[in-house]
$ cat work24.txt   # compact mmCIF, C-alpha atoms and all ligand atoms
# COMPACT_ATOMS: atom_id res chain seq x y z
CA MET A 1 -18.29 -7.53 -2.86
CA ASN A 2 -20.05 -4.19 -2.44
CA LYS A 3 -20.04 -1.58 -5.17
CA ILE A 4 -18.70 1.24 -3.08
CA LEU A 5 -16.13 2.39 -5.61
CA GLY A 6 -18.98 3.34 -7.94
CA GLN A 7 -20.47 5.72 -5.39
CA THR A 8 -19.60 8.88 -3.48
CA ILE A 9 -16.41 8.84 -1.42
CA LEU A 10 -15.39 11.60 0.94
CA VAL A 11 -11.58 11.61 0.99
CA THR A 12 -9.94 13.66 3.75
CA GLY A 13 -6.42 14.88 3.09
CA GLY A 14 -6.84 14.44 -0.65
CA ALA A 15 -4.35 17.23 -1.39
CA GLY A 16 -1.56 15.45 0.47
CA PHE A 17 0.95 13.01 -0.96
CA ILE A 18 -0.91 9.72 -0.45
CA GLY A 19 -4.32 11.38 -0.65
CA SER A 20 -3.68 13.01 -4.03
CA THR A 21 -2.39 9.73 -5.43
CA LEU A 22 -5.55 8.01 -4.24
CA VAL A 23 -7.79 10.75 -5.66
CA ARG A 24 -6.09 10.61 -9.07
CA GLN A 25 -6.49 6.82 -9.11
CA LEU A 26 -10.13 6.93 -8.03
CA ILE A 27 -10.96 9.36 -10.81
CA ALA A 28 -8.96 7.46 -13.44
CA ASP A 29 -9.71 3.86 -12.50
CA SER A 30 -13.14 3.81 -10.84
CA THR A 31 -16.54 5.40 -11.31
CA ALA A 32 -16.51 6.97 -7.85
CA THR A 33 -17.43 10.58 -7.22
CA VAL A 34 -14.67 12.01 -5.02
CA ILE A 35 -15.17 14.80 -2.50
CA ASN A 36 -11.71 15.95 -1.51
CA VAL A 37 -11.81 17.54 1.96
CA ASP A 38 -8.54 19.27 2.77
CA LYS A 39 -7.40 22.08 5.06
CA LEU A 40 -4.44 22.85 2.76
CA THR A 41 -1.70 23.04 5.33
CA TYR A 42 1.87 23.48 4.08
CA ALA A 43 1.79 19.84 2.86
CA GLY A 44 -1.49 20.12 0.96
CA ASN A 45 -0.99 21.00 -2.67
CA LEU A 46 -3.76 21.31 -5.24
CA GLN A 47 -1.16 21.44 -7.99
CA SER A 48 -0.87 17.68 -7.42
CA LEU A 49 -4.48 17.41 -8.58
CA ILE A 50 -4.50 19.58 -11.70
CA GLU A 51 -5.31 16.62 -13.95
CA VAL A 52 -8.58 15.92 -12.07
CA ALA A 53 -9.51 19.45 -10.98
CA ASN A 54 -12.23 19.91 -13.62
CA HIS A 55 -13.45 16.34 -13.73
CA PRO A 56 -17.23 16.05 -13.27
CA ARG A 57 -16.75 13.37 -10.58
CA TYR A 58 -14.33 15.51 -8.52
CA ARG A 59 -15.11 18.24 -5.96
CA PHE A 60 -12.77 20.10 -3.64
CA GLU A 61 -13.88 21.33 -0.21
CA HIS A 62 -11.48 23.55 1.72
CA VAL A 63 -12.45 22.32 5.18
CA ASP A 64 -10.59 21.51 8.41
CA ILE A 65 -11.62 18.11 9.83
CA CYS A 66 -11.68 19.70 13.32
CA ASP A 67 -14.57 21.94 12.23
CA ALA A 68 -17.64 19.93 13.25
CA VAL A 69 -20.15 22.30 11.67
CA ALA A 70 -18.43 22.19 8.29
CA ILE A 71 -17.92 18.43 8.44
CA ASN A 72 -21.59 17.84 9.28
CA ARG A 73 -22.51 20.04 6.34
CA LEU A 74 -20.42 17.88 4.01
CA PHE A 75 -22.14 14.68 5.12
CA HIS A 76 -25.52 16.32 4.71
CA GLU A 77 -24.74 17.82 1.32
CA TYR A 78 -22.90 14.95 -0.36
CA GLN A 79 -24.50 11.90 1.32
CA PRO A 80 -21.30 9.84 0.94
CA ASP A 81 -21.20 6.06 0.76
CA ALA A 82 -17.73 5.96 2.29
CA VAL A 83 -15.11 8.04 4.06
CA MET A 84 -11.44 7.48 3.36
CA HIS A 85 -9.65 9.35 6.13
CA LEU A 86 -6.09 10.36 5.23
CA ALA A 87 -5.95 13.89 6.65
CA ALA A 88 -3.12 14.03 9.18
CA GLU A 89 -0.02 15.84 10.25
CA SER A 90 2.58 13.31 9.16
CA HIS A 91 6.16 14.46 9.69
CA VAL A 92 7.92 12.95 12.71
CA ASP A 93 10.53 15.74 13.03
CA ARG A 94 7.82 18.41 13.07
CA SER A 95 5.95 16.47 15.77
CA ILE A 96 9.07 16.62 17.95
CA SER A 97 9.46 20.39 17.64
CA GLY A 98 5.73 21.18 17.72
CA PRO A 99 3.36 18.42 18.81
CA ALA A 100 0.22 20.55 19.30
CA THR A 101 -1.04 20.44 15.71
CA PHE A 102 -0.57 16.66 15.70
CA ILE A 103 -2.83 16.31 18.73
CA GLU A 104 -5.34 18.67 17.18
CA THR A 105 -5.59 17.29 13.65
CA ASN A 106 -4.78 13.63 14.19
CA ILE A 107 -6.75 13.07 17.39
CA VAL A 108 -9.39 15.80 17.67
CA GLY A 109 -9.86 15.82 13.90
CA THR A 110 -10.39 12.06 13.76
CA TYR A 111 -12.82 12.26 16.68
CA THR A 112 -14.76 15.05 14.94
CA LEU A 113 -14.97 13.08 11.73
CA LEU A 114 -16.00 9.87 13.50
CA GLU A 115 -18.79 11.63 15.34
CA ALA A 116 -20.12 13.27 12.19
CA ALA A 117 -19.90 9.93 10.36
CA ARG A 118 -21.68 8.12 13.19
CA VAL A 119 -24.59 10.58 13.28
CA TYR A 120 -24.92 10.51 9.49
CA TRP A 121 -24.61 6.72 9.24
CA SER A 122 -27.15 6.17 12.07
CA GLY A 123 -29.73 8.07 10.04
CA LEU A 124 -29.22 6.08 6.83
CA ALA A 125 -31.76 3.50 5.78
CA ALA A 126 -30.75 0.01 4.70
CA PRO A 127 -29.25 -0.96 2.27
CA ARG A 128 -27.07 2.21 2.24
CA LYS A 129 -26.44 1.82 5.95
CA ASN A 130 -25.03 -1.68 5.37
CA VAL A 131 -22.79 -0.57 2.53
CA PHE A 132 -21.31 2.51 4.28
CA ARG A 133 -17.63 2.31 5.29
CA PHE A 134 -15.28 4.49 7.33
CA HIS A 135 -11.77 3.65 6.16
CA HIS A 136 -9.08 4.97 8.47
CA ILE A 137 -5.61 5.21 6.93
CA SER A 138 -2.81 4.90 9.47
CA THR A 139 0.84 4.02 9.87
CA ASP A 140 3.11 1.20 11.00
CA GLU A 141 4.76 3.64 13.43
CA VAL A 142 1.98 2.89 15.93
CA TYR A 143 3.68 -0.46 16.55
CA GLY A 144 6.91 1.15 17.76
CA SER A 145 10.32 -0.12 16.74
CA LEU A 146 11.61 -3.59 15.78
CA GLY A 147 14.91 -5.22 16.63
CA ASP A 148 16.98 -6.99 13.99
CA THR A 149 14.35 -9.63 13.30
CA GLY A 150 10.56 -9.98 13.10
CA PHE A 151 7.78 -8.04 11.42
CA PHE A 152 4.81 -5.91 12.41
CA THR A 153 1.60 -7.90 12.04
CA GLU A 154 -1.97 -6.76 12.62
CA ASP A 155 -1.69 -8.29 16.12
CA THR A 156 1.48 -6.48 17.19
CA ALA A 157 0.93 -4.49 20.39
CA TYR A 158 0.88 -0.71 20.03
CA GLN A 159 4.02 1.02 21.29
CA PRO A 160 4.20 4.46 19.65
CA ASN A 161 7.40 6.37 20.37
CA SER A 162 7.06 9.84 18.83
CA PRO A 163 4.39 12.52 19.33
CA TYR A 164 3.38 11.79 15.72
CA SER A 165 2.99 8.05 16.16
CA ALA A 166 1.27 8.49 19.53
CA SER A 167 -1.29 10.78 17.89
CA LYS A 168 -1.90 8.25 15.10
CA ALA A 169 -2.19 5.43 17.66
CA ALA A 170 -4.78 7.48 19.55
CA ALA A 171 -6.73 7.97 16.32
CA ASP A 172 -6.59 4.23 15.57
CA HIS A 173 -8.00 3.50 19.03
CA LEU A 174 -10.83 6.00 18.54
CA VAL A 175 -11.75 4.36 15.24
CA ARG A 176 -11.73 0.93 16.89
CA ALA A 177 -13.89 2.22 19.75
CA TRP A 178 -16.45 3.81 17.41
CA HIS A 179 -16.85 0.42 15.77
CA HIS A 180 -16.93 -1.59 18.99
CA THR A 181 -19.25 0.78 20.86
CA TYR A 182 -21.50 2.24 18.17
CA GLY A 183 -21.19 -0.34 15.40
CA LEU A 184 -19.77 2.17 12.89
CA PRO A 185 -18.55 0.01 9.97
CA VAL A 186 -14.83 0.76 9.95
CA VAL A 187 -11.74 -0.70 8.31
CA THR A 188 -8.23 0.39 9.26
CA THR A 189 -5.00 0.11 7.30
CA ASN A 190 -1.47 0.63 8.63
CA CYS A 191 1.18 1.28 6.00
CA SER A 192 4.94 1.43 5.85
CA ASN A 193 7.03 4.33 4.43
CA ASN A 194 5.53 5.61 1.19
CA TYR A 195 7.57 7.15 -1.60
CA GLY A 196 6.90 8.28 -5.16
CA PRO A 197 5.90 11.36 -7.20
CA TYR A 198 4.37 14.45 -5.50
CA HIS A 199 6.03 13.71 -2.12
CA PHE A 200 6.67 16.86 -0.06
CA PRO A 201 10.45 17.37 0.15
CA GLU A 202 10.73 17.25 3.93
CA LYS A 203 10.72 13.42 3.78
CA LEU A 204 13.94 11.50 3.20
CA ILE A 205 13.60 10.43 -0.46
CA PRO A 206 12.40 13.67 -2.10
CA LEU A 207 14.66 15.73 0.18
CA VAL A 208 17.71 13.79 -0.93
CA ILE A 209 16.79 13.90 -4.63
CA LEU A 210 16.26 17.67 -4.59
CA ASN A 211 19.24 18.45 -2.38
CA ALA A 212 21.45 16.35 -4.63
CA VAL A 213 20.44 18.07 -7.86
CA ASN A 214 20.99 21.41 -6.11
CA LYS A 215 24.42 20.27 -4.85
CA LYS A 216 23.36 20.61 -1.22
CA PRO A 217 24.38 18.23 1.60
CA LEU A 218 22.42 14.98 1.90
CA PRO A 219 21.67 14.75 5.65
CA ILE A 220 21.78 11.29 7.19
CA TYR A 221 20.63 11.01 10.78
CA GLY A 222 23.04 9.11 13.06
CA LYS A 223 24.91 6.35 11.24
CA GLY A 224 22.29 5.81 8.53
CA ASP A 225 21.64 2.28 9.74
CA ASN A 226 17.99 2.75 10.70
CA ILE A 227 15.74 0.60 8.53
CA ARG A 228 12.48 1.48 6.80
CA ASP A 229 10.22 -0.68 4.60
CA TRP A 230 9.49 1.26 1.40
CA LEU A 231 6.12 1.17 -0.36
CA TYR A 232 5.53 2.82 -3.72
CA VAL A 233 2.62 5.22 -3.25
CA GLU A 234 0.67 3.99 -6.29
CA ASP A 235 0.82 0.45 -4.85
CA HIS A 236 -0.46 1.82 -1.57
CA ALA A 237 -3.38 3.60 -3.25
CA ARG A 238 -4.29 0.38 -5.09
CA ALA A 239 -4.31 -1.45 -1.75
CA LEU A 240 -6.53 1.20 -0.17
CA ARG A 241 -9.11 0.86 -2.94
CA LEU A 242 -9.11 -2.90 -2.51
CA VAL A 243 -9.54 -2.69 1.25
CA LEU A 244 -12.41 -0.24 0.88
CA GLU A 245 -14.13 -2.49 -1.60
CA ARG A 246 -13.45 -5.92 -0.12
CA GLY A 247 -12.07 -5.50 3.41
CA GLN A 248 -14.03 -6.99 6.28
CA VAL A 249 -15.67 -4.52 8.65
CA GLY A 250 -13.77 -4.16 11.93
CA GLU A 251 -10.57 -5.61 10.43
CA VAL A 252 -7.08 -4.14 10.22
CA TYR A 253 -4.82 -4.66 7.19
CA ASN A 254 -1.10 -3.93 7.17
CA ILE A 255 0.26 -2.62 3.85
CA GLY A 256 4.00 -2.78 3.20
CA GLY A 257 6.35 -3.09 0.29
CA TRP A 258 8.57 -5.96 1.46
CA ASN A 259 11.45 -3.54 0.81
CA GLU A 260 13.63 -3.15 3.89
CA LYS A 261 16.55 -0.78 3.39
CA THR A 262 18.87 1.15 5.66
CA ASN A 263 18.68 4.90 5.17
CA LEU A 264 22.23 4.86 3.86
CA GLN A 265 21.27 2.25 1.23
CA VAL A 266 18.35 4.43 0.16
CA VAL A 267 20.50 7.54 -0.18
CA GLN A 268 23.22 5.64 -2.04
CA ALA A 269 20.62 4.20 -4.43
CA ILE A 270 19.31 7.70 -5.19
CA CYS A 271 22.87 8.94 -5.78
CA ALA A 272 23.59 6.04 -8.16
CA LEU A 273 20.43 6.79 -10.16
CA LEU A 274 21.34 10.48 -10.38
CA ASP A 275 24.90 9.58 -11.47
CA GLU A 276 23.28 7.71 -14.35
CA LEU A 277 20.40 10.06 -15.20
CA ARG A 278 22.06 13.43 -14.57
CA PRO A 279 25.82 12.88 -14.51
CA GLN A 280 28.12 15.54 -13.10
CA ASP A 281 31.85 15.69 -12.30
CA GLU A 282 31.65 14.49 -8.71
CA PRO A 283 29.60 11.41 -7.73
CA TYR A 284 26.46 12.55 -5.88
CA ALA A 285 27.40 10.36 -2.91
CA SER A 286 30.16 12.86 -2.09
CA LEU A 287 27.34 15.10 -0.77
CA ILE A 288 26.39 12.60 1.97
CA THR A 289 26.67 14.31 5.36
CA TYR A 290 26.12 12.64 8.72
CA VAL A 291 24.11 14.83 11.09
CA PRO A 292 22.92 14.39 14.71
CA ASP A 293 20.29 11.73 15.14
CA ARG A 294 16.53 12.31 15.52
CA PRO A 295 15.57 12.11 19.24
CA GLY A 296 13.90 8.76 19.97
CA HIS A 297 14.63 7.60 16.41
CA ASP A 298 12.86 4.26 15.78
CA ARG A 299 15.42 1.68 14.72
CA ARG A 300 13.59 -0.57 12.30
CA TYR A 301 10.14 -0.86 10.67
CA ALA A 302 9.12 -3.88 8.61
CA ILE A 303 5.59 -4.89 7.74
CA ASP A 304 4.27 -8.39 7.30
CA ALA A 305 1.83 -7.75 4.46
CA SER A 306 0.69 -11.36 4.11
CA LYS A 307 -2.85 -10.84 5.44
CA ILE A 308 -3.83 -8.40 2.68
CA ALA A 309 -2.14 -10.69 0.12
CA ARG A 310 -3.91 -13.79 1.40
CA GLU A 311 -7.36 -12.32 2.00
CA LEU A 312 -7.63 -9.64 -0.68
CA GLY A 313 -5.06 -10.73 -3.25
CA TRP A 314 -2.97 -7.54 -3.09
CA LYS A 315 0.74 -7.40 -3.68
CA PRO A 316 2.94 -4.46 -4.68
CA LEU A 317 3.62 -4.10 -8.40
CA GLU A 318 6.84 -2.11 -7.93
CA THR A 319 10.14 -3.32 -6.54
CA PHE A 320 12.27 -0.73 -4.76
CA ASP A 321 14.49 -0.47 -7.85
CA THR A 322 11.65 0.17 -10.29
CA GLY A 323 9.77 2.49 -7.92
CA LEU A 324 12.83 4.54 -7.03
CA ARG A 325 13.81 4.94 -10.68
CA LYS A 326 10.30 6.21 -11.51
CA THR A 327 10.46 8.58 -8.55
CA VAL A 328 13.83 10.09 -9.44
CA GLN A 329 12.77 10.45 -13.08
CA TRP A 330 9.56 12.19 -11.98
CA TYR A 331 11.40 14.75 -9.85
CA LEU A 332 13.85 15.46 -12.68
CA ALA A 333 11.02 15.92 -15.18
CA ASN A 334 8.52 17.88 -13.08
CA THR A 335 10.44 21.03 -12.35
CA ALA A 336 7.35 23.26 -12.34
CA TRP A 337 5.79 21.31 -9.44
CA VAL A 338 9.12 21.10 -7.64
CA ASP A 339 9.97 24.80 -8.06
CA ALA A 340 6.53 25.88 -6.85
CA VAL A 341 6.85 23.70 -3.76
CA ILE A 342 10.36 24.82 -2.91
CA SER A 343 9.54 28.51 -3.34
CA GLY A 344 6.25 28.15 -1.45
CA GLU A 345 4.53 29.67 -4.47
CA TYR A 346 2.07 26.74 -4.67
CA GLN A 347 0.25 28.29 -1.74
CA ASN A 348 -0.31 31.50 -3.72
CA TRP A 349 -1.53 29.38 -6.61
CA ILE A 350 -4.12 27.83 -4.35
CA GLU A 351 -5.20 31.29 -3.20
CA GLN A 352 -5.56 32.48 -6.80
CA ASN A 353 -7.34 29.41 -8.13
CA TYR A 354 -9.61 28.70 -5.20
CA SER A 355 -10.25 32.18 -3.83
CA ASP A 356 -13.99 31.45 -3.95
CA ARG A 357 -13.56 28.46 -1.66
CA LYS A 358 -12.17 29.87 1.53
CA ILE A 359 -11.89 27.53 4.45
CA SER A 360 -15.22 27.29 6.24
O1 LIG B 401 6.41 4.31 8.46
C1 LIG B 401 5.45 5.17 7.97
C2 LIG B 401 5.84 6.61 8.25
O2 LIG B 401 6.89 6.94 7.37
C3 LIG B 401 4.69 7.58 8.12
O3 LIG B 401 3.70 7.27 9.07
C4 LIG B 401 5.17 9.01 8.32
O4 LIG B 401 4.12 9.91 8.14
C5 LIG B 401 6.29 9.29 7.34
O5 LIG B 401 6.79 10.59 7.56
C6 LIG B 401 7.40 8.26 7.47
O6 LIG B 401 8.09 8.45 8.71
P1 LIG B 401 9.69 8.43 8.80
O7 LIG B 401 10.10 9.21 9.98
O8 LIG B 401 10.21 7.03 8.69
O9 LIG B 401 10.04 9.20 7.42
P2 LIG B 401 11.17 10.28 7.06
O10 LIG B 401 11.16 10.42 5.58
O11 LIG B 401 11.07 11.49 7.90
O12 LIG B 401 12.51 9.52 7.48
C7 LIG B 401 12.86 8.28 6.91
C8 LIG B 401 14.13 7.82 7.58
O13 LIG B 401 15.20 8.67 7.15
C9 LIG B 401 14.10 7.92 9.09
O14 LIG B 401 14.83 6.84 9.65
C10 LIG B 401 14.82 9.25 9.39
C11 LIG B 401 15.81 9.35 8.25
N1 LIG B 401 16.12 10.71 7.78
C12 LIG B 401 15.08 11.55 7.47
C13 LIG B 401 15.32 12.82 7.01
C14 LIG B 401 14.20 13.76 6.70
C15 LIG B 401 17.43 11.10 7.59
O15 LIG B 401 18.38 10.30 7.84
N2 LIG B 401 17.70 12.35 7.11
C16 LIG B 401 16.70 13.24 6.83
O16 LIG B 401 16.99 14.39 6.42
$ encode --input "work24.txt" --output "structure tokens" --more "lines below"
Ligand code: DAU
Amino acid sequence: MNKILGQTILVTGGAGFIGSTLVRQLIADSTATVINVDKLTYAGNLQSLIEVANHPRYRFEHVDICDAVAINRLFHEYQPDAVMHLAAESHVDRSISGPATFIETNIVGTYTLLEAARVYWSGLAAPRKNVFRFHHISTDEVYGSLGDTGFFTEDTAYQPNSPYSASKAAADHLVRAWHHTYGLPVVTTNCSNNYGPYHFPEKLIPLVILNAVNKKPLPIYGKGDNIRDWLYVEDHARALRLVLERGQVGEVYNIGGWNEKTNLQVVQAICALLDELRPQDEPYASLITYVPDRPGHDRRYAIDASKIARELGWKPLETFDTGLRKTVQWYLANTAWVDAVISGEYQNWIEQNYSDRKIS
């Protein structure tokens, strides 16, 4: 096993939902120095990182991964031992109404980062050159959609269906090519649907929790019978750390929660938890509203996570019931974070607290 988690890790997208969870874990549970590289789009929120903001092993860099000059500067300045690449546009509905930023950040950004990493890594002397890793964090959506049976494995053919998943698939292929052609030591992970604290409320679970407590309709696309495989974000971050530390170069690892649910089941479970934790006159399920379906809506995702269990000994610690309860409780308790996100005020907060670190 290498000792990469004791060294310097450049995390892209560290102000996002999965990225901020990973950064908080790396600071709390490893000796790594974390350089958080984030463009701070609407989904990037430094208020998710308040508990690590002044930690001596944490640095924030307000940089766009498409900016080659700035990215090269970061490699030069921080001499990282690893890159964990999470920066991405991630919301499928936004990719349908405006695909351009997905092409830019997810494809051009990944290319820019790979090139900078390749040049930097080529100039390293052994043994640092042997230890260096480029960990690309991706999604199960690259595999397309499943029928009623079967699972996505690491060998499933790519069949992305949305502009979002096509852009992530393109990024995965670039990462693979940089390994195959140039020898860049990469590992790739493809995860299922994450959920948990600090999730931006455009995604199903936080949207439904917050709409419900505000007595707004709970929108269900189509009949609510599409299936997703839910992974608690802290479990995902634990898996990412393990893959970085012990994953084999050039390998792909699927990370899923073994938690298949229809969207309707998910929304009903949230409503039942709210009925218990914040009772009101009407059951929350009365807010469920069926709305027109997402164009090209993938029917079912389900990950076979047996490779990472077998080879690296990872399995999720949360069941859907325990993870969802923690999530609902977190949203009920963390009204300051929620209110700032809903009002958009968190972006002013970033401006006020990081005015000296304008995007380069
Ligand atoms: O599978 C991993 C992917 O999971 C990630 O790669 C994506 O970045 C992430 O956004 C997520 O994609 P989904 O499209 O599955 O997530 P979303 O939360 O948007 O939707 C989950 C399901 O709920 C999906 O079947 C669409 C449905 N849905 C979503 C919203 C926002 C609704 O029925 N109503 C809604 O209002």
$ atom_distance --input "work24.txt" --atom1 "atom CA of A:Thr156" --atom2 "atom CA of A:Leu231"
19.7 Å
$ residues_near_ligand --input "work24.txt" --ligand "ligand LIG 401 (chain B)" --cutoff "9 Å" --atoms "only C-alpha atoms and all ligand atoms" --output "ChimeraX atom specification"
/A:88-93,138-142,164-165,168,190-195,201-208,218-230,262-264,266-267,290-291,293-294,297-302
$ write_last_selection --input "work24.txt" --atoms "C-alpha atoms" --output "mmCIF file, keeping the file's coordinate frame"
data_model
loop_
_atom_site.group_PDB
_atom_site.id
_atom_site.type_symbol
_atom_site.label_atom_id
_atom_site.label_comp_id
_atom_site.auth_asym_id
_atom_site.auth_seq_id
_atom_site.Cartn_x
_atom_site.Cartn_y
_atom_site.Cartn_z
ATOM 1 C CA ALA A 88 -3.120 14.030 9.180
ATOM 2 C CA GLU A 89 -0.020 15.840 10.250
ATOM 3 C CA SER A 90 2.580 13.310 9.160
ATOM 4 C CA HIS A 91 6.160 14.460 9.690
ATOM 5 C CA VAL A 92 7.920 12.950 12.710
ATOM 6 C CA ASP A 93 10.530 15.740 13.030
ATOM 7 C CA SER A 138 -2.810 4.900 9.470
ATOM 8 C CA THR A 139 0.840 4.020 9.870
ATOM 9 C CA ASP A 140 3.110 1.200 11.000
ATOM 10 C CA GLU A 141 4.760 3.640 13.430
ATOM 11 C CA VAL A 142 1.980 2.890 15.930
ATOM 12 C CA TYR A 164 3.380 11.790 15.720
ATOM 13 C CA SER A 165 2.990 8.050 16.160
ATOM 14 C CA LYS A 168 -1.900 8.250 15.100
ATOM 15 C CA ASN A 190 -1.470 0.630 8.630
ATOM 16 C CA CYS A 191 1.180 1.280 6.000
ATOM 17 C CA SER A 192 4.940 1.430 5.850
ATOM 18 C CA ASN A 193 7.030 4.330 4.430
ATOM 19 C CA ASN A 194 5.530 5.610 1.190
ATOM 20 C CA TYR A 195 7.570 7.150 -1.600
ATOM 21 C CA PRO A 201 10.450 17.370 0.150
ATOM 22 C CA GLU A 202 10.730 17.250 3.930
ATOM 23 C CA LYS A 203 10.720 13.420 3.780
ATOM 24 C CA LEU A 204 13.940 11.500 3.200
ATOM 25 C CA ILE A 205 13.600 10.430 -0.460
ATOM 26 C CA PRO A 206 12.400 13.670 -2.100
ATOM 27 C CA LEU A 207 14.660 15.730 0.180
ATOM 28 C CA VAL A 208 17.710 13.790 -0.930
ATOM 29 C CA LEU A 218 22.420 14.980 1.900
ATOM 30 C CA PRO A 219 21.670 14.750 5.650
ATOM 31 C CA ILE A 220 21.780 11.290 7.190
ATOM 32 C CA TYR A 221 20.630 11.010 10.780
ATOM 33 C CA GLY A 222 23.040 9.110 13.060
ATOM 34 C CA LYS A 223 24.910 6.350 11.240
ATOM 35 C CA GLY A 224 22.290 5.810 8.530
ATOM 36 C CA ASP A 225 21.640 2.280 9.740
ATOM 37 C CA ASN A 226 17.990 2.750 10.700
ATOM 38 C CA ILE A 227 15.740 0.600 8.530
ATOM 39 C CA ARG A 228 12.480 1.480 6.800
ATOM 40 C CA ASP A 229 10.220 -0.680 4.600
ATOM 41 C CA TRP A 230 9.490 1.260 1.400
ATOM 42 C CA THR A 262 18.870 1.150 5.660
ATOM 43 C CA ASN A 263 18.680 4.900 5.170
ATOM 44 C CA LEU A 264 22.230 4.860 3.860
ATOM 45 C CA VAL A 266 18.350 4.430 0.160
ATOM 46 C CA VAL A 267 20.500 7.540 -0.180
ATOM 47 C CA TYR A 290 26.120 12.640 8.720
ATOM 48 C CA VAL A 291 24.110 14.830 11.090
ATOM 49 C CA ASP A 293 20.290 11.730 15.140
ATOM 50 C CA ARG A 294 16.530 12.310 15.520
ATOM 51 C CA HIS A 297 14.630 7.600 16.410
ATOM 52 C CA ASP A 298 12.860 4.260 15.780
ATOM 53 C CA ARG A 299 15.420 1.680 14.720
ATOM 54 C CA ARG A 300 13.590 -0.570 12.300
ATOM 55 C CA TYR A 301 10.140 -0.860 10.670
ATOM 56 C CA ALA A 302 9.120 -3.880 8.610
#
$ closest_residue --input "work24.txt" --among "A:Pro197, A:Pro316, A:Val23, A:Gln159" --to "A:Trp330" --atoms "all atoms listed in the file"
A:Pro197
$ residues_around --input "work24.txt" --residues "stretch 95-110 of chain A" --least-positions-apart "5" --cutoff "12 Å" --atoms "only C-alpha atoms" --output "VMD selection string"
chain A and resid 12 to 13 38 to 39 41 63 to 68 71 83 to 90 115 to 118 134 to 139 161 to 176 178 294 to 297
$ atom_distance --input "work24.txt" --atom1 "atom CA of A:Tyr42" --atom2 "atom CA of A:Val11"
18.2 Å
